[in-house]
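For reference, the structure is listed below as structure tokens.
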Amino acid sequence: MNDVYQLEQVRKDFVANASHELRTPLAIIHGYLENLLDDNMIDDPEMARRFLLIMRTHTERISRIVEDMLVISRMESGEAGALKIEPFLFHSCIMDILERLESYIRHQRAEMIVTMPDPALVIQGDRFYWTQVLFNLVENALKQNPNGGLRVEIGCEQVEENIRIWVSDNGVGIPGDDLPHIFLRFFRVEKHHSQQEIKGTGLGLSIVKRAVEAHGGTIGVVSEPGCETRFTITVPVERP
Ligand code: ADP
């Protein structure tokens, strides 16, 4: 299979998957609108309110999918050429995302640990991408573990010619059978989402992988459910 054909196939799959993912919430909203308008449920304020709340949840899902798709398309449109490479303090990037997720962290009473032997460590990269990477990884740890007792570690250190970044948590983890698929677009662990769970889009980790690779880096994950799930990124200090 040549590369052009493969790329075309990936695009076709993406469009097909995205359409499918959008169709589900749209069909649900359409169904409730029909109930409200055609079956006169609108005359029952309590029922109408319930339907509107459900519709709101599904519109939020559509927005999230569209937002993630826009990030992907932004990343794919220019590839590495679109990166705005500049030196920045990785510690400040961590502080940014902790601030953005502050109410989530507080609500969940999660313990957050930052491990940076050298807080002055500078990364050459696109800050927008790195913020997205960290945000998605830390948000995932919080999102998948609403039941308390969560401990999340964000770490960054230089190891010889590379910078190693990791995000680990002690939550539910990822079953071994699912690990090989975890970075695929729209992949979500079935077990986590059986209860009408609609928070995620399944695009977060594919965005993370894309962003890391655009910087010449790699990402891997190991998980021992209930014990430790650790995403580790390795990027060269000097861009190739
Ligand atoms: P989503 O938008 O669903 O979070 P992602 O691509 O970010 O999509 O993640 C894919 C799936 O991987 C998630 O739906 C979840 O089932 C699983 N996952 C990701 N991170 C974690 C984690 N830290 N702990 C447990 N499961 C995780």
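Chain labels follow the order of the structure tokens: the first chain is A, the next B, and so on; residue numbering restarts at 1 in every chain, and ligands are counted from 1 in their shown order.
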
Requested in this report: For Ile219 in chain A, work out the shell of residues within 10 Å, counting only C-alpha atoms and skipping chain neighbours fewer than 5 positions away, then give it as number ranges by chain.
Outcome: A: 164-166, 183, 208-210, 212-213, 231-235

Query raised in the report: When DSSP works through the backbone of this structure, what residues of range 11-212 of chain A end up as alpha helix (DSSP H), shown as a ChimeraX atom specification?
Result: /A:11-38,45-78,90-100,102-108,127-143,204-212

**Report entry** Expected answer as a list in words: residues within 6 Å of ligand 1, only C-alpha atoms and all ligand atoms
**Finding:**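 Every residue with an atom at most 6 Å from ligand 1 is listed here: Asn140, Ala141, Gln144, Val172, Gly173, Ile174, Ile182, Phe187, Arg188, Val189, His192, Gly200, Thr201, Gly202, Leu203, Gly204, Leu205 and Ser206 of chain A.
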
Selection to disk with N, CA, C and O atoms, as a PDB file, in the first residue's frame:
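Okay, this is what ended up in selection.pdb:
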```pdb
ATOM      1  N   ASN A 140      -8.117  13.895  31.018  1.00  0.00           N
ATOM      2  CA  ASN A 140      -8.491  12.478  30.929  1.00  0.00           C
ATOM      3  C   ASN A 140      -8.404  11.808  32.290  1.00  0.00           C
ATOM      4  O   ASN A 140      -9.307  11.069  32.688  1.00  0.00           O
ATOM      5  N   ALA A 141      -7.290  12.048  33.002  1.00  0.00           N
ATOM      6  CA  ALA A 141      -7.105  11.415  34.317  1.00  0.00           C
ATOM      7  C   ALA A 141      -8.254  11.822  35.243  1.00  0.00           C
ATOM      8  O   ALA A 141      -8.817  10.988  35.956  1.00  0.00           O
ATOM      9  N   GLN A 144     -11.861  10.347  33.931  1.00  0.00           N
ATOM     10  CA  GLN A 144     -12.091   8.899  34.058  1.00  0.00           C
ATOM     11  C   GLN A 144     -12.208   8.450  35.500  1.00  0.00           C
ATOM     12  O   GLN A 144     -12.521   7.295  35.760  1.00  0.00           O
ATOM     13  N   VAL A 172      -8.725   4.231  37.460  1.00  0.00           N
ATOM     14  CA  VAL A 172      -9.265   2.964  36.926  1.00  0.00           C
ATOM     15  C   VAL A 172      -8.369   2.298  35.884  1.00  0.00           C
ATOM     16  O   VAL A 172      -8.422   1.082  35.705  1.00  0.00           O
ATOM     17  N   GLY A 173      -7.590   3.109  35.174  1.00  0.00           N
ATOM     18  CA  GLY A 173      -6.646   2.547  34.212  1.00  0.00           C
ATOM     19  C   GLY A 173      -7.278   2.103  32.911  1.00  0.00           C
ATOM     20  O   GLY A 173      -8.481   2.275  32.685  1.00  0.00           O
ATOM     21  N   ILE A 174      -6.443   1.534  32.053  1.00  0.00           N
ATOM     22  CA  ILE A 174      -6.874   1.121  30.718  1.00  0.00           C
ATOM     23  C   ILE A 174      -6.607  -0.382  30.584  1.00  0.00           C
ATOM     24  O   ILE A 174      -5.465  -0.813  30.753  1.00  0.00           O
ATOM     25  N   ILE A 182      -5.524   2.852  21.899  1.00  0.00           N
ATOM     26  CA  ILE A 182      -5.916   4.018  22.682  1.00  0.00           C
ATOM     27  C   ILE A 182      -5.678   5.353  21.958  1.00  0.00           C
ATOM     28  O   ILE A 182      -6.367   6.327  22.193  1.00  0.00           O
ATOM     29  N   PHE A 187     -11.539   6.263  19.433  1.00  0.00           N
ATOM     30  CA  PHE A 187     -11.523   5.066  20.273  1.00  0.00           C
ATOM     31  C   PHE A 187     -11.784   5.448  21.724  1.00  0.00           C
ATOM     32  O   PHE A 187     -11.166   6.358  22.268  1.00  0.00           O
ATOM     33  N   ARG A 188     -12.732   4.754  22.335  1.00  0.00           N
ATOM     34  CA  ARG A 188     -12.993   4.960  23.770  1.00  0.00           C
ATOM     35  C   ARG A 188     -13.129   3.584  24.418  1.00  0.00           C
ATOM     36  O   ARG A 188     -13.653   2.663  23.807  1.00  0.00           O
ATOM     37  N   VAL A 189     -12.633   3.480  25.639  1.00  0.00           N
ATOM     38  CA  VAL A 189     -12.696   2.179  26.319  1.00  0.00           C
ATOM     39  C   VAL A 189     -14.156   1.863  26.638  1.00  0.00           C
ATOM     40  O   VAL A 189     -14.810   2.612  27.362  1.00  0.00           O
ATOM     41  N   HIS A 192     -15.520   1.906  30.187  1.00  0.00           N
ATOM     42  CA  HIS A 192     -15.665   3.195  30.881  1.00  0.00           C
ATOM     43  C   HIS A 192     -16.933   3.909  30.469  1.00  0.00           C
ATOM     44  O   HIS A 192     -17.332   4.863  31.097  1.00  0.00           O
ATOM     45  N   GLY A 200     -16.628  12.257  26.673  1.00  0.00           N
ATOM     46  CA  GLY A 200     -15.481  12.349  25.770  1.00  0.00           C
ATOM     47  C   GLY A 200     -15.847  12.189  24.310  1.00  0.00           C
ATOM     48  O   GLY A 200     -16.950  11.781  23.961  1.00  0.00           O
ATOM     49  N   THR A 201     -14.889  12.522  23.449  1.00  0.00           N
ATOM     50  CA  THR A 201     -15.125  12.369  22.013  1.00  0.00           C
ATOM     51  C   THR A 201     -14.274  11.242  21.440  1.00  0.00           C
ATOM     52  O   THR A 201     -14.508  10.804  20.327  1.00  0.00           O
ATOM     53  N   GLY A 202     -13.264  10.801  22.195  1.00  0.00           N
ATOM     54  CA  GLY A 202     -12.354   9.787  21.664  1.00  0.00           C
ATOM     55  C   GLY A 202     -11.322  10.406  20.729  1.00  0.00           C
ATOM     56  O   GLY A 202     -10.579   9.705  20.048  1.00  0.00           O
ATOM     57  N   LEU A 203     -11.256  11.737  20.707  1.00  0.00           N
ATOM     58  CA  LEU A 203     -10.285  12.402  19.823  1.00  0.00           C
ATOM     59  C   LEU A 203      -9.066  12.928  20.583  1.00  0.00           C
ATOM     60  O   LEU A 203      -8.026  13.189  19.997  1.00  0.00           O
ATOM     61  N   GLY A 204      -9.233  13.076  21.915  1.00  0.00           N
ATOM     62  CA  GLY A 204      -8.193  13.716  22.734  1.00  0.00           C
ATOM     63  C   GLY A 204      -6.801  13.127  22.551  1.00  0.00           C
ATOM     64  O   GLY A 204      -5.840  13.854  22.292  1.00  0.00           O
ATOM     65  N   LEU A 205      -6.694  11.813  22.670  1.00  0.00           N
ATOM     66  CA  LEU A 205      -5.363  11.198  22.615  1.00  0.00           C
ATOM     67  C   LEU A 205      -4.778  11.202  21.208  1.00  0.00           C
ATOM     68  O   LEU A 205      -3.560  11.228  21.036  1.00  0.00           O
ATOM     69  N   SER A 206      -5.657  11.184  20.181  1.00  0.00           N
ATOM     70  CA  SER A 206      -5.097  11.245  18.818  1.00  0.00           C
ATOM     71  C   SER A 206      -4.529  12.647  18.569  1.00  0.00           C
ATOM     72  O   SER A 206      -3.521  12.799  17.873  1.00  0.00           O
TER      73      SER A 206
END
```

Query - Among the residues A:Glu102, A:Glu157, A:Met116, A:Ala110, the one that comes closest to Asn145 in chain A [using only C-alpha atoms] - result: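 So, comparing all the options, the nearest one is A:Ala110.
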
**Report entry** Residue with smallest distance to Phe186 in chain A - pool A:Val159, A:Ile97, A:Ala27, A:Met69, counting only C-alpha atoms
**Finding:**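 For Phe186 in chain A, the nearest of the candidates is A:Met69.
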